[in-house]
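J.: For reference, the file my_file_22.cif (mmCIF, C-alpha atoms) is included below:
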```cif
data_data
loop_
_atom_site.label_atom_id
_atom_site.label_comp_id
_atom_site.auth_asym_id
_atom_site.auth_seq_id
_atom_site.Cartn_x
_atom_site.Cartn_y
_atom_site.Cartn_z
CA MET C 1 45.51 59.90 125.37
CA SER C 2 43.37 62.79 124.17
CA PHE C 3 43.89 64.54 127.52
CA ASN C 4 47.67 64.47 127.08
CA THR C 5 47.41 65.60 123.47
CA ALA C 6 45.23 68.57 124.40
CA LEU C 7 47.48 69.31 127.39
CA SER C 8 50.53 69.56 125.10
CA GLY C 9 48.50 71.97 122.97
CA LEU C 10 47.73 74.09 126.05
CA GLN C 11 51.41 74.16 126.98
CA ALA C 12 52.43 75.12 123.45
CA ALA C 13 49.80 77.88 123.31
CA THR C 14 50.96 79.15 126.71
CA THR C 15 54.57 79.28 125.47
CA ASP C 16 53.44 81.11 122.34
CA LEU C 17 51.56 83.61 124.51
CA SER C 18 54.65 84.12 126.68
CA ILE C 19 56.89 84.70 123.65
CA THR C 20 54.43 87.17 122.15
CA SER C 21 54.00 88.97 125.47
CA ASN C 22 57.77 89.28 125.83
CA ASN C 23 58.03 90.74 122.34
CA ILE C 24 55.31 93.28 123.09
CA ALA C 25 56.90 94.19 126.43
CA ASN C 26 60.19 95.00 124.65
CA VAL C 27 58.76 96.98 121.75
CA SER C 28 60.66 100.07 123.01
CA THR C 29 63.89 98.28 124.05
CA SER C 30 66.82 99.47 121.93
CA GLY C 31 68.63 96.67 120.15
CA PHE C 32 66.00 94.08 121.13
CA LYS C 33 65.41 91.22 118.69
CA ARG C 34 61.98 89.57 118.60
CA SER C 35 61.60 85.87 119.31
CA ARG C 36 59.54 83.36 117.40
CA GLY C 37 58.12 80.13 118.76
CA GLU C 38 58.82 77.14 116.55
CA PHE C 39 56.75 74.00 117.19
CA GLY C 40 56.85 70.38 116.09
CA ASP C 41 54.33 67.57 116.29
CA LEU C 42 54.74 64.50 118.52
CA PHE C 43 54.23 61.14 116.86
CA ALA C 44 54.21 57.69 118.46
CA VAL C 45 56.66 55.44 116.64
CA SER C 46 57.21 51.73 117.33
CA SER C 47 60.47 49.87 116.83
CA PHE C 48 59.05 48.49 113.59
CA GLY C 49 57.99 51.84 112.14
CA ASN C 50 54.75 53.77 112.08
CA SER C 51 51.48 51.95 112.28
CA PRO C 52 49.03 52.90 109.53
CA ASN C 53 46.52 53.59 112.28
CA ALA C 54 48.85 55.68 114.48
CA VAL C 55 47.55 59.01 115.79
CA GLY C 56 49.76 61.95 116.72
CA SER C 57 50.57 62.56 120.38
CA GLY C 58 50.37 66.34 120.40
CA VAL C 59 52.81 69.21 119.96
CA GLN C 60 56.15 70.26 121.43
CA VAL C 61 58.19 73.46 121.46
CA SER C 62 61.08 72.82 119.08
CA SER C 63 62.82 76.16 119.55
CA VAL C 64 62.42 79.75 120.66
CA SER C 65 64.33 81.45 117.86
CA GLN C 66 65.42 85.08 117.90
CA GLN C 67 65.08 87.01 114.65
CA PHE C 68 68.10 89.25 113.98
CA SER C 69 66.53 91.45 111.34
CA GLN C 70 67.49 95.15 111.24
CA GLY C 71 65.48 97.51 113.44
CA ASN C 72 64.68 101.08 112.47
CA LEU C 73 67.22 103.80 113.32
CA GLU C 74 66.09 106.49 115.74
CA PHE C 75 68.29 109.60 115.82
CA THR C 76 69.21 111.26 119.11
CA ASP C 77 71.37 114.15 120.38
CA ALA C 78 73.93 111.97 122.21
CA SER C 79 77.19 111.27 120.35
CA LEU C 80 77.68 108.03 122.30
CA ASP C 81 74.35 106.63 121.10
CA LEU C 82 75.54 104.23 118.41
CA ALA C 83 73.58 102.19 115.88
CA ILE C 84 74.84 99.54 113.47
CA ASN C 85 73.35 99.93 110.01
CA GLY C 86 73.90 96.38 108.76
CA GLN C 87 75.35 93.24 110.26
CA GLY C 88 77.51 92.92 113.34
CA PHE C 89 77.55 93.22 117.13
CA TYR C 90 79.39 95.43 119.59
CA ILE C 91 81.72 93.58 121.95
CA THR C 92 81.56 94.22 125.70
CA LYS C 93 83.20 92.86 128.85
CA GLN C 94 81.83 92.65 132.38
CA GLU C 95 85.18 93.87 133.75
CA ALA C 96 87.60 96.32 132.18
CA THR C 97 90.42 93.77 132.05
CA GLY C 98 88.29 90.61 132.12
CA SER C 99 87.78 87.92 129.50
CA ASP C 100 84.01 87.37 129.76
CA LEU C 101 82.76 88.66 126.41
CA ALA C 102 79.22 89.57 125.46
CA TYR C 103 77.75 90.78 122.18
CA THR C 104 75.04 93.37 121.71
CA ARG C 105 73.42 95.73 119.21
CA ALA C 106 72.07 98.03 121.93
CA GLY C 107 74.14 101.20 121.47
CA GLN C 108 73.29 103.25 124.55
CA PHE C 109 76.78 104.04 125.84
CA ARG C 110 78.12 106.60 128.29
CA ILE C 111 81.34 107.55 130.12
CA ASP C 112 81.57 106.25 133.68
CA SER C 113 83.29 107.91 136.63
CA ASP C 114 86.64 106.32 135.69
CA GLY C 115 86.51 107.53 132.09
CA TYR C 116 85.56 104.18 130.52
CA ILE C 117 82.82 103.90 127.90
CA THR C 118 80.17 101.52 129.26
CA ASN C 119 76.56 100.55 128.57
CA ASN C 120 73.56 100.55 130.91
CA SER C 121 74.67 97.20 132.35
CA ARG C 122 78.07 98.71 133.22
CA GLU C 123 79.77 96.48 130.70
CA PHE C 124 82.88 97.90 129.03
CA LEU C 125 82.86 98.67 125.31
CA GLN C 126 85.74 97.01 123.46
CA THR C 127 87.94 98.58 120.78
CA PHE C 128 90.86 97.57 118.60
CA PRO C 129 94.18 99.43 119.11
CA VAL C 130 95.11 102.19 116.63
CA ASP C 131 98.28 104.13 115.85
CA ALA C 132 98.72 107.91 115.91
CA ASP C 133 97.16 108.20 112.44
CA GLY C 134 94.06 106.22 113.43
CA THR C 135 95.06 103.06 111.53
CA VAL C 136 93.99 99.81 113.19
CA THR C 137 97.03 97.78 114.23
CA SER C 138 95.16 94.54 115.04
CA THR C 139 91.67 93.09 114.60
CA SER C 140 92.21 90.00 116.70
CA LEU C 141 89.67 89.36 119.45
CA ASN C 142 92.56 88.83 121.88
CA THR C 143 93.83 92.39 121.36
CA THR C 144 90.60 94.23 122.17
CA ASN C 145 90.69 96.55 125.16
CA SER C 146 88.24 98.56 127.21
CA ILE C 147 88.35 102.10 125.88
CA LYS C 148 89.13 104.86 128.35
CA VAL C 149 88.69 108.50 127.37
CA PRO C 150 91.61 110.72 128.51
CA ALA C 151 90.62 113.80 130.50
CA SER C 152 93.35 115.89 128.87
CA THR C 153 96.04 115.68 126.21
CA GLY C 154 98.76 115.33 128.83
CA SER C 155 102.10 117.12 128.40
CA PRO C 156 102.21 120.21 126.16
CA GLN C 157 104.22 120.21 122.96
CA ALA C 158 106.32 123.17 121.85
CA THR C 159 105.78 124.61 118.37
CA THR C 160 108.57 123.68 115.98
CA GLU C 161 106.99 124.55 112.62
CA VAL C 162 104.37 126.86 111.15
CA GLU C 163 102.98 125.98 107.71
CA VAL C 164 102.23 129.20 105.84
CA GLY C 165 100.25 129.55 102.63
CA LEU C 166 99.23 132.99 101.32
CA ASN C 167 99.03 135.33 98.35
CA LEU C 168 101.08 138.54 98.36
CA ASN C 169 99.52 141.28 96.23
CA SER C 170 101.92 142.01 93.36
CA THR C 171 100.42 145.50 92.96
CA ALA C 172 101.25 146.48 96.54
CA ALA C 173 103.56 149.50 96.77
CA GLN C 174 107.27 148.78 96.97
CA THR C 175 108.85 150.39 100.04
CA ASP C 176 112.33 150.89 101.36
CA PRO C 177 113.02 147.99 103.80
CA THR C 178 115.25 150.24 105.90
CA THR C 179 112.22 152.35 106.78
CA PHE C 180 110.18 149.36 108.01
CA ASN C 181 108.46 150.04 111.33
CA PRO C 182 105.84 147.60 112.66
CA SER C 183 104.02 150.54 114.27
CA ILE C 184 103.56 152.33 110.90
CA SER C 185 101.35 150.44 108.46
CA GLY C 186 102.65 152.34 105.42
CA THR C 187 106.14 150.86 105.83
CA TYR C 188 105.00 147.31 105.00
CA ALA C 189 102.40 145.82 102.63
CA HIS C 190 100.83 142.97 104.61
CA SER C 191 100.91 141.32 108.04
CA THR C 192 99.43 138.30 109.79
CA SER C 193 100.02 136.32 112.99
CA SER C 194 99.45 132.97 114.65
CA THR C 195 99.57 131.48 118.14
CA VAL C 196 102.51 129.26 119.05
CA PHE C 197 103.38 127.38 122.25
CA ASP C 198 106.51 126.84 124.30
CA SER C 199 107.54 123.64 126.09
CA LEU C 200 105.48 124.59 129.17
CA GLY C 201 102.32 125.12 127.11
CA ALA C 202 102.34 128.93 127.38
CA SER C 203 101.02 130.68 124.28
CA HIS C 204 102.88 133.35 122.29
CA ILE C 205 102.00 135.47 119.25
CA SER C 206 104.21 134.94 116.22
CA SER C 207 103.78 137.80 113.70
CA TYR C 208 104.84 138.22 110.08
CA TYR C 209 105.35 141.52 108.26
CA PHE C 210 105.79 141.46 104.49
CA VAL C 211 107.68 144.28 102.77
CA HIS C 212 107.51 144.52 98.96
CA ASP C 213 111.16 145.14 98.19
CA GLY C 214 111.73 148.66 96.86
CA PRO C 215 114.71 150.94 96.10
CA THR C 216 116.93 151.80 99.04
CA THR C 217 120.18 153.61 99.72
CA ASP C 218 121.70 150.16 100.42
CA THR C 219 123.07 149.00 97.06
CA ASN C 220 122.59 145.38 98.17
CA LEU C 221 118.83 146.02 98.29
CA ALA C 222 118.26 147.77 95.01
CA GLY C 223 114.59 146.78 94.83
CA ASP C 224 112.99 143.84 93.00
CA PRO C 225 109.22 143.67 92.31
CA ASN C 226 109.37 139.84 92.51
CA GLN C 227 111.03 139.90 95.92
CA TRP C 228 109.54 140.24 99.41
CA LEU C 229 111.19 140.60 102.80
CA VAL C 230 109.61 138.77 105.72
CA PHE C 231 110.20 140.26 109.18
CA THR C 232 109.27 137.96 112.08
CA TYR C 233 108.27 138.99 115.60
CA LEU C 234 107.47 137.03 118.76
CA ASP C 235 105.24 138.75 121.31
CA GLY C 236 106.05 142.09 119.68
CA GLU C 237 109.83 141.62 119.82
CA PRO C 238 111.87 141.35 116.57
CA THR C 239 113.50 137.99 115.85
CA ASP C 240 116.28 137.08 113.44
CA ILE C 241 116.22 134.36 110.78
CA ALA C 242 119.06 131.90 111.29
CA ASN C 243 121.64 131.64 108.50
CA ALA C 244 120.16 134.63 106.69
CA ALA C 245 122.52 136.15 104.13
CA VAL C 246 124.27 139.38 105.09
CA ASP C 247 122.65 141.29 102.23
CA PRO C 248 119.11 141.26 103.69
CA THR C 249 120.32 142.46 107.09
CA VAL C 250 118.26 145.62 107.64
CA THR C 251 118.56 148.42 110.14
CA HIS C 252 115.13 149.92 110.74
CA PRO C 253 113.18 151.76 113.45
CA ASN C 254 111.30 149.63 115.96
CA GLY C 255 108.04 150.47 117.66
CA THR C 256 109.71 152.80 120.17
CA GLY C 257 111.54 154.82 117.52
CA ALA C 258 114.97 153.33 118.26
CA ASN C 259 116.83 151.58 115.47
CA VAL C 260 117.10 147.79 115.41
CA VAL C 261 119.27 145.52 113.27
CA GLN C 262 117.27 142.55 112.02
CA LYS C 263 117.85 139.67 109.61
CA PRO C 264 114.63 139.00 107.67
CA ALA C 265 113.95 136.19 105.23
CA VAL C 266 113.58 136.89 101.51
CA LEU C 267 110.91 135.30 99.28
CA THR C 268 111.41 135.35 95.51
CA PHE C 269 108.69 134.65 92.95
CA ASN C 270 108.66 133.77 89.28
CA SER C 271 107.26 136.14 86.67
CA ASN C 272 104.02 134.12 86.63
CA GLY C 273 103.53 134.68 90.36
CA THR C 274 104.50 131.19 91.54
CA PHE C 275 106.95 130.62 94.39
CA ALA C 276 110.57 130.43 93.20
CA SER C 277 112.84 130.29 96.25
CA SER C 278 113.62 131.66 99.67
CA SER C 279 116.75 132.92 101.34
CA PRO C 280 117.72 131.05 103.39
CA ALA C 281 116.24 127.84 101.94
CA THR C 282 115.01 126.88 105.41
CA ILE C 283 113.43 129.87 107.12
CA GLN C 284 114.02 129.30 110.81
CA ASN C 285 114.20 131.71 113.74
CA VAL C 286 117.27 131.70 115.91
CA ALA C 287 116.64 130.08 119.29
CA LEU C 288 114.31 132.36 121.24
CA ALA C 289 115.00 132.32 124.99
CA GLN C 290 111.91 132.21 127.25
CA SER C 291 111.73 134.05 130.56
CA ASN C 292 109.23 131.57 132.10
CA GLY C 293 111.69 128.69 132.33
CA ALA C 294 110.58 126.98 129.12
CA ASP C 295 113.03 125.68 126.53
CA PRO C 296 114.14 128.21 123.88
CA LEU C 297 111.77 128.29 120.89
CA THR C 298 113.13 127.38 117.46
CA ILE C 299 110.42 127.72 114.81
CA THR C 300 110.63 126.83 111.13
CA HIS C 301 108.37 128.94 108.89
CA ASP C 302 107.45 126.77 105.94
CA PHE C 303 106.40 128.83 102.90
CA ALA C 304 107.73 126.53 100.16
CA ASN C 305 105.54 123.49 100.88
CA ASN C 306 102.32 125.42 100.69
CA THR C 307 100.54 127.59 98.16
CA THR C 308 102.52 130.83 98.51
CA THR C 309 102.01 133.07 95.49
CA GLN C 310 102.39 136.64 94.22
CA PHE C 311 99.36 137.37 92.08
CA SER C 312 97.66 140.63 91.27
CA SER C 313 94.88 140.09 93.81
CA ASN C 314 94.19 140.92 97.43
CA PHE C 315 96.37 139.61 100.21
CA ALA C 316 94.86 136.34 101.45
CA VAL C 317 95.98 133.69 103.92
CA SER C 318 95.04 130.17 102.83
CA ARG C 319 96.95 128.30 105.52
CA LEU C 320 98.53 129.31 108.82
CA SER C 321 98.98 126.11 110.77
CA PRO C 322 101.45 125.85 113.66
CA ASP C 323 102.14 122.54 115.32
CA GLY C 324 102.47 122.21 119.09
CA PHE C 325 99.79 122.63 121.71
CA SER C 326 99.17 123.35 125.37
CA THR C 327 97.38 120.98 127.71
CA GLY C 328 93.67 120.81 126.97
CA ARG C 329 90.51 119.38 128.51
CA LEU C 330 88.23 116.96 126.73
CA THR C 331 85.48 118.73 124.78
CA GLY C 332 83.89 115.89 122.85
CA LEU C 333 84.12 112.58 121.00
CA ASP C 334 83.74 112.07 117.28
CA ILE C 335 82.91 108.59 115.96
CA SER C 336 83.22 107.94 112.22
CA GLU C 337 80.98 105.62 110.22
CA THR C 338 83.71 102.98 110.37
CA GLY C 339 83.87 103.25 114.17
CA LEU C 340 87.09 105.24 114.62
CA ILE C 341 86.83 107.19 117.87
CA ARG C 342 88.60 110.55 118.12
CA ALA C 343 88.83 112.65 121.26
CA SER C 344 88.70 116.44 120.76
CA PHE C 345 90.32 118.79 123.27
CA SER C 346 90.01 122.48 124.06
CA ASN C 347 93.50 123.18 122.65
CA GLY C 348 92.41 122.10 119.17
CA VAL C 349 94.04 118.66 119.31
CA SER C 350 92.06 115.68 118.02
CA ASN C 351 93.56 112.27 118.82
CA PRO C 352 92.38 108.80 117.70
CA ILE C 353 91.89 106.68 120.82
CA GLY C 354 90.39 103.45 119.48
CA GLN C 355 88.47 101.62 116.77
CA LEU C 356 85.12 100.05 117.65
CA ALA C 357 85.52 96.26 117.64
CA MET C 358 82.71 94.40 115.88
CA ALA C 359 81.87 90.71 115.71
CA ASP C 360 79.55 88.48 113.71
CA PHE C 361 78.71 84.77 113.81
CA PRO C 362 78.06 82.01 111.27
CA ASN C 363 74.75 81.30 113.05
CA SER C 364 73.49 84.29 115.02
CA GLN C 365 70.35 82.38 116.05
CA GLY C 366 72.59 80.00 117.97
CA LEU C 367 73.64 82.76 120.39
CA LYS C 368 72.52 82.52 124.00
CA GLY C 369 70.51 85.48 125.26
CA VAL C 370 71.63 86.82 128.65
CA GLY C 371 69.31 89.82 128.98
CA ASN C 372 69.73 93.53 128.38
CA ALA C 373 69.75 92.82 124.62
CA SER C 374 73.05 90.94 124.97
CA TRP C 375 74.13 87.49 123.85
CA ARG C 376 76.98 85.07 124.45
CA GLN C 377 78.75 82.67 122.16
CA THR C 378 77.65 79.01 122.09
CA THR C 379 78.68 75.91 120.18
CA ASP C 380 75.69 76.37 117.88
CA SER C 381 76.58 79.99 117.07
CA GLY C 382 80.11 79.18 115.95
CA SER C 383 83.22 81.26 116.63
CA PRO C 384 83.01 85.03 116.17
CA VAL C 385 84.45 86.76 113.11
CA THR C 386 85.87 90.16 114.07
CA GLY C 387 86.42 93.31 112.03
CA VAL C 388 85.61 97.02 111.72
CA GLY C 389 82.61 98.86 110.37
CA GLY C 390 82.21 99.14 106.62
CA THR C 391 84.49 96.19 105.81
CA GLY C 392 83.52 92.66 104.84
CA ARG C 393 80.18 91.67 106.27
CA PHE C 394 80.06 94.48 108.84
CA GLY C 395 77.67 97.43 108.66
CA LEU C 396 78.42 101.10 109.19
CA ILE C 397 78.20 102.95 112.51
CA GLU C 398 75.68 105.76 112.96
CA SER C 399 76.73 108.08 115.78
CA GLY C 400 73.86 109.89 117.49
CA ALA C 401 71.36 107.14 116.66
CA LEU C 402 69.91 104.00 118.23
CA GLU C 403 68.60 100.85 116.62
CA ALA C 404 64.99 100.37 117.70
CA SER C 405 63.45 97.00 118.55
CA ASN C 406 62.53 94.98 115.45
CA VAL C 407 59.16 94.05 116.97
CA ASP C 408 56.18 94.74 114.68
CA LEU C 409 53.51 95.61 117.24
CA THR C 410 50.60 95.04 114.85
CA ALA C 411 51.81 91.56 113.92
CA GLU C 412 52.39 90.69 117.57
CA LEU C 413 48.86 91.72 118.55
CA VAL C 414 47.43 89.51 115.80
CA ASN C 415 49.63 86.65 116.97
CA LEU C 416 48.41 87.27 120.51
CA ILE C 417 44.82 86.70 119.36
CA THR C 418 45.87 83.57 117.47
CA ALA C 419 47.66 82.12 120.51
CA GLN C 420 44.63 82.88 122.67
CA ARG C 421 42.34 81.07 120.24
CA ASN C 422 44.68 78.10 120.16
CA PHE C 423 44.59 77.95 123.95
CA GLN C 424 40.79 78.10 123.96
CA ALA C 425 40.54 75.38 121.33
CA ASN C 426 42.81 73.02 123.27
CA ALA C 427 40.86 73.76 126.44
CA ARG C 428 37.69 72.81 124.56
CA SER C 429 39.35 69.54 123.52
CA ILE C 430 39.97 68.71 127.18
CA GLU C 431 36.38 69.65 127.99
CA THR C 432 35.08 67.38 125.20
CA SER C 433 37.32 64.49 126.26
CA ASN C 434 36.08 64.94 129.82
CA ALA C 435 32.44 64.78 128.65
CA ILE C 436 33.13 61.58 126.72
CA THR C 437 34.84 60.06 129.74
CA ASP C 438 31.84 60.96 131.92
CA THR C 439 29.52 59.24 129.45
CA ILE C 440 31.59 56.06 129.52
CA ILE C 441 31.67 56.04 133.32
CA GLN C 442 27.87 56.38 133.41
CA ILE C 443 27.37 53.20 131.35
CA ARG C 444 25.82 50.55 133.56
#
```
Is it possible to express this structure as structure tokens?
T.:
Amino acid sequence: MSFNTALSGLQAATTDLSITSNNIANVSTSGFKRSRGEFGDLFAVSSFGNSPNAVGSGVQVSSVSQQFSQGNLEFTDASLDLAINGQGFYITKQEATGSDLAYTRAGQFRIDSDGYITNNSREFLQTFPVDADGTVTSTSLNTTNSIKVPASTGSPQATTEVEVGLNLNSTAAQTDPTTFNPSISGTYAHSTSSTVFDSLGASHISSYYFVHDGPTTDTNLAGDPNQWLVFTYLDGEPTDIANAAVDPTVTHPNGTGANVVQKPAVLTFNSNGTFASSSPATIQNVALAQSNGADPLTITHDFANNTTTQFSSNFAVSRLSPDGFSTGRLTGLDISETGLIRASFSNGVSNPIGQLAMADFPNSQGLKGVGNASWRQTTDSGSPVTGVGGTGRFGLIESGALEASNVDLTAELVNLITAQRNFQANARSIETSNAITDTIIQIR
């Protein structure tokens, strides 16, 4: 009996040594969670209950329990290194369109040759779908998908609107609009320009020239210090404003010295310098034919919805934002603390492409380890609860960081000594029992 009891102690000490050795071996494994051996005593019990003289029968391994405490965060230079600061697991699949789910806190991800985001085990990172504004449309586990990073933004989009916000200096000299010449700086007060795109993605320069309305021989343009004329050009060629009133129609020299008839827009300000109105109310160029086969450009210049003022201070542009874009190549990924993934492109476009899917369990210790710091759902773990970072029980995402192993090396080395001593003590028990048995055998 004593042999079996000591043997169970040897087996338990060996298991404890193995668990401790495994913890030490994975001290540098990202996302690794240390295990703890849990033991229970063996006791002989008869059908009528315990005998008052009963002796225990040894020890057994009750459980090898993983401890899901938070590991330290180690910051890196890779944007696809992701750490969870708090509760939760990433969700992965073995195949891009498969249904075999795994859960991990190891955040070493990369883009494979097909554009998918995968981990070192070539498992596919799962995300929730989002709309064009980056809002999650579903957090159901059934709607997760393997995220694929687009190589480009696809088809170009023609510019239809330019949002303009600026301050026009009220002390700028008033000039005769009929003398305006884009080649002579003294004939206008201010100018600025932006890049716009046609339907084929070709870029063009849209320019604005601002003339502080002054006296002129045209009685319809008698000069108003609170009024500015806006002349628009595309690639150096004058363009007319659609539906402009006849009064602002101006004949002026162009860059070559020849006269040109042009319909500018008119901006009017209040006496306190705030924007009052524009003529026409919607400042839009007439359709601009393109020689490269692209659709004609029709651009709305939006001054009213932005901070356009006339104060006694220097000319300043606070906003000059055209929509539209050409095709662009991927330049990077940005991942927010909630897990929203945005792809940035060389044409300045930034599109949301997915929301990191996260899961948690009622009993994380009931998960089944499958290696590579990954686990699978079991009956003991319960069904996963899904969500996004920073909501409910889920922690925040740290991009450019990894969660280190939660193994305390000092504690493990002490436990290694303890397990070794336990093994030696049980071996001594067997040795002692063997000596006693030899003594009994020698009785004659």
J.: Using only C-alpha atoms, which protein or nucleic acid residues come within 12 Å of C:Val414? Drop anything in the same chain fewer than 6 positions from it, and give the result as a PyMOL selection string.
T.: chain C and resi 17+20-21+24+408+420-421
J.: Could you spell out the hits of the PyMOL selection byres ((chain C and resi 153-160) around 12) on the shown file, as an MDAnalysis selection string?
T.: chainID C and resid 149:152 161:163 194:206 283:288 290 294:302 321:331 343:353
J.: Excluding stretch 115-126 of chain C and any residue of its chain fewer than 3 positions from it, enumerate the residues within 8 Å of it, using only C-alpha atoms, and give them as a count of residues only.
T.: 24
J.: Please list, as number ranges by chain, the residues that have an atom at most 12 Å away from (110.0, 132.2, 104.6) in the coordinates of this file, counting all atoms listed in the file.
T.: C: 161-166, 208-210, 227-232, 240-242, 244, 263-269, 275-285, 299-306, 308
J.: Would you mind reading off the distance between atom CA of C:Ala401 and atom CA of C:Arg105, one decimal, in Å?
T.: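 Interatomic distance, atom CA of C:Ala401 to atom CA of C:Arg105: 11.9 Å.
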J.: Have a look at C:Gly86, C:Pro182, C:Gly37, C:Gly273 and name the one nearest to C:Ser65; count all atoms listed in the file.
T.: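 So, comparing all the options, the nearest one is C:Gly37.
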J.: I would like the residues chosen by the PyMOL selection byres ((chain C and resi 314) around 9) on the shown file; could you give them as a list of chain:residue names?
T.: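 Selected by the PyMOL selection byres ((chain C and resi 314) around 9) here: C:Asn167, C:Leu168, C:Asn169, C:Ser170, C:Thr171, C:Phe311, C:Ser312, C:Ser313, C:Phe315, C:Ala316.
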J.: Run through the PyMOL selection byres ((chain C and resi 15) around 12) on the given coordinates and return the selected residues as a PyMOL selection string.
T.: chain C and resi 8-14+16-22+35-39+59-64+416+419-420+422-423
J.: Which residue out of C:Leu333, C:Ala427, C:Val385, C:Ile341 has the minimum interatomic distance to C:Ala359 when all atoms listed in the file are used?
T.: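 Ranking C:Leu333, C:Ala427, C:Val385, C:Ile341 by distance to C:Ala359, first place goes to C:Val385.
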J.: Report the distance between atom CA of C:Asp360 and atom CA of C:Gly332 in Å, rounded to one decimal place.
T.: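 Between these atoms lies a distance of 29.2 Å.
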J.: Have a look at C:Thr439, C:Gly31, C:Gly214, C:Asn272 and name the one nearest to C:Thr309; count all atoms listed in the file.
T.: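 Of C:Thr439, C:Gly31, C:Gly214, C:Asn272, the one nearest C:Thr309, counting all atoms listed in the file, is C:Asn272.
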J.: Any idea what the distance is between atom CA of C:Thr432 and atom CA of C:Ile417?
T.: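 Calculated distance between atom CA of C:Thr432 and atom CA of C:Ile417 is 22.4 Å.
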J.: Of the residues C:Pro384, C:Gly134, C:Gly369, C:Gly58, which is the one nearest to C:Asp41, using all atoms listed in the file?
T.: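 The answer is C:Gly58, which sits nearest to C:Asp41.
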J.: Which residue gives the smallest distance to C:Asp224 among C:Ala6, C:Ala425, C:Ala106, C:Val211, with only C-alpha atoms counted?
T.: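 Nearest to C:Asp224: C:Val211.
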J.: Pick out the closest residue to C:Thr178 from this set: C:Ser113, C:Ser364, C:Asn254, C:Asn4. Count only C-alpha atoms.
T.: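 That would be C:Asn254, the residue with the smallest distance to C:Thr178.
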J.: Please identify all polymer residues lying at most 12 Å from the point (111.7, 152.0, 108.1) (file coordinates), using all atoms listed in the file, and present the result as a CSV table (one decimal) with C-alpha atoms, in the frame of the given file.
T.:
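The resulting file, result.csv, is reproduced below:
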```
chain,number,residue,atom,x,y,z
C,175,THR,CA,108.8,150.4,100.0
C,176,ASP,CA,112.3,150.9,101.4
C,177,PRO,CA,113.0,148.0,103.8
C,178,THR,CA,115.2,150.2,105.9
C,179,THR,CA,112.2,152.4,106.8
C,180,PHE,CA,110.2,149.4,108.0
C,181,ASN,CA,108.5,150.0,111.3
C,182,PRO,CA,105.8,147.6,112.7
C,183,SER,CA,104.0,150.5,114.3
C,184,ILE,CA,103.6,152.3,110.9
C,185,SER,CA,101.4,150.4,108.5
C,186,GLY,CA,102.6,152.3,105.4
C,187,THR,CA,106.1,150.9,105.8
C,188,TYR,CA,105.0,147.3,105.0
C,211,VAL,CA,107.7,144.3,102.8
C,214,GLY,CA,111.7,148.7,96.9
C,216,THR,CA,116.9,151.8,99.0
C,231,PHE,CA,110.2,140.3,109.2
C,250,VAL,CA,118.3,145.6,107.6
C,251,THR,CA,118.6,148.4,110.1
C,252,HIS,CA,115.1,149.9,110.7
C,253,PRO,CA,113.2,151.8,113.4
C,254,ASN,CA,111.3,149.6,116.0
C,255,GLY,CA,108.0,150.5,117.7
C,257,GLY,CA,111.5,154.8,117.5
C,258,ALA,CA,115.0,153.3,118.3
C,259,ASN,CA,116.8,151.6,115.5
C,260,VAL,CA,117.1,147.8,115.4
C,261,VAL,CA,119.3,145.5,113.3
C,262,GLN,CA,117.3,142.6,112.0
```
J.: Give me, as a PDB file with C-alpha atoms, in the frame of the given file, all polymer residues having an atom no more than 6 Å from C:Ser57, counting only C-alpha atoms and skipping those fewer than 4 positions away in the same chain.
T.:
```pdb
ATOM      1  CA  THR C   5      47.410  65.600 123.470  1.00  0.00           C
ATOM      2  CA  LEU C  42      54.740  64.500 118.520  1.00  0.00           C
ATOM      3  CA  PHE C  43      54.230  61.140 116.860  1.00  0.00           C
TER       4      PHE C  43
END
```
J.: Return the padded bounding box of stretch 288-297 of chain C as AutoDock Vina command-line options: axis-aligned, built from all atoms listed in the file, 4 Å added on each side, with centre and edge lengths in Å to one decimal.
T.:
```
--center_x 112.1 --center_y 129.9 --center_z 126.6 --size_x 13.8 --size_y 16.4 --size_z 19.4
```
J.: Name all residues at most 10 Å from C:Ser271 (count all atoms listed in the file; drop same-chain ones fewer than 6 positions away) and give them as a PyMOL selection string.
T.: chain C and resi 225-226+310-311
J.: Contacts of C:Gly390 at 12 Å or less, counting only C-alpha atoms, minus same-chain residues fewer than 4 places along, as JSON, numbers by chain?
T.: {"C": [84, 85, 86, 87, 88, 336, 337, 338, 339, 340, 356, 357, 358, 394, 395, 396, 397, 398]}
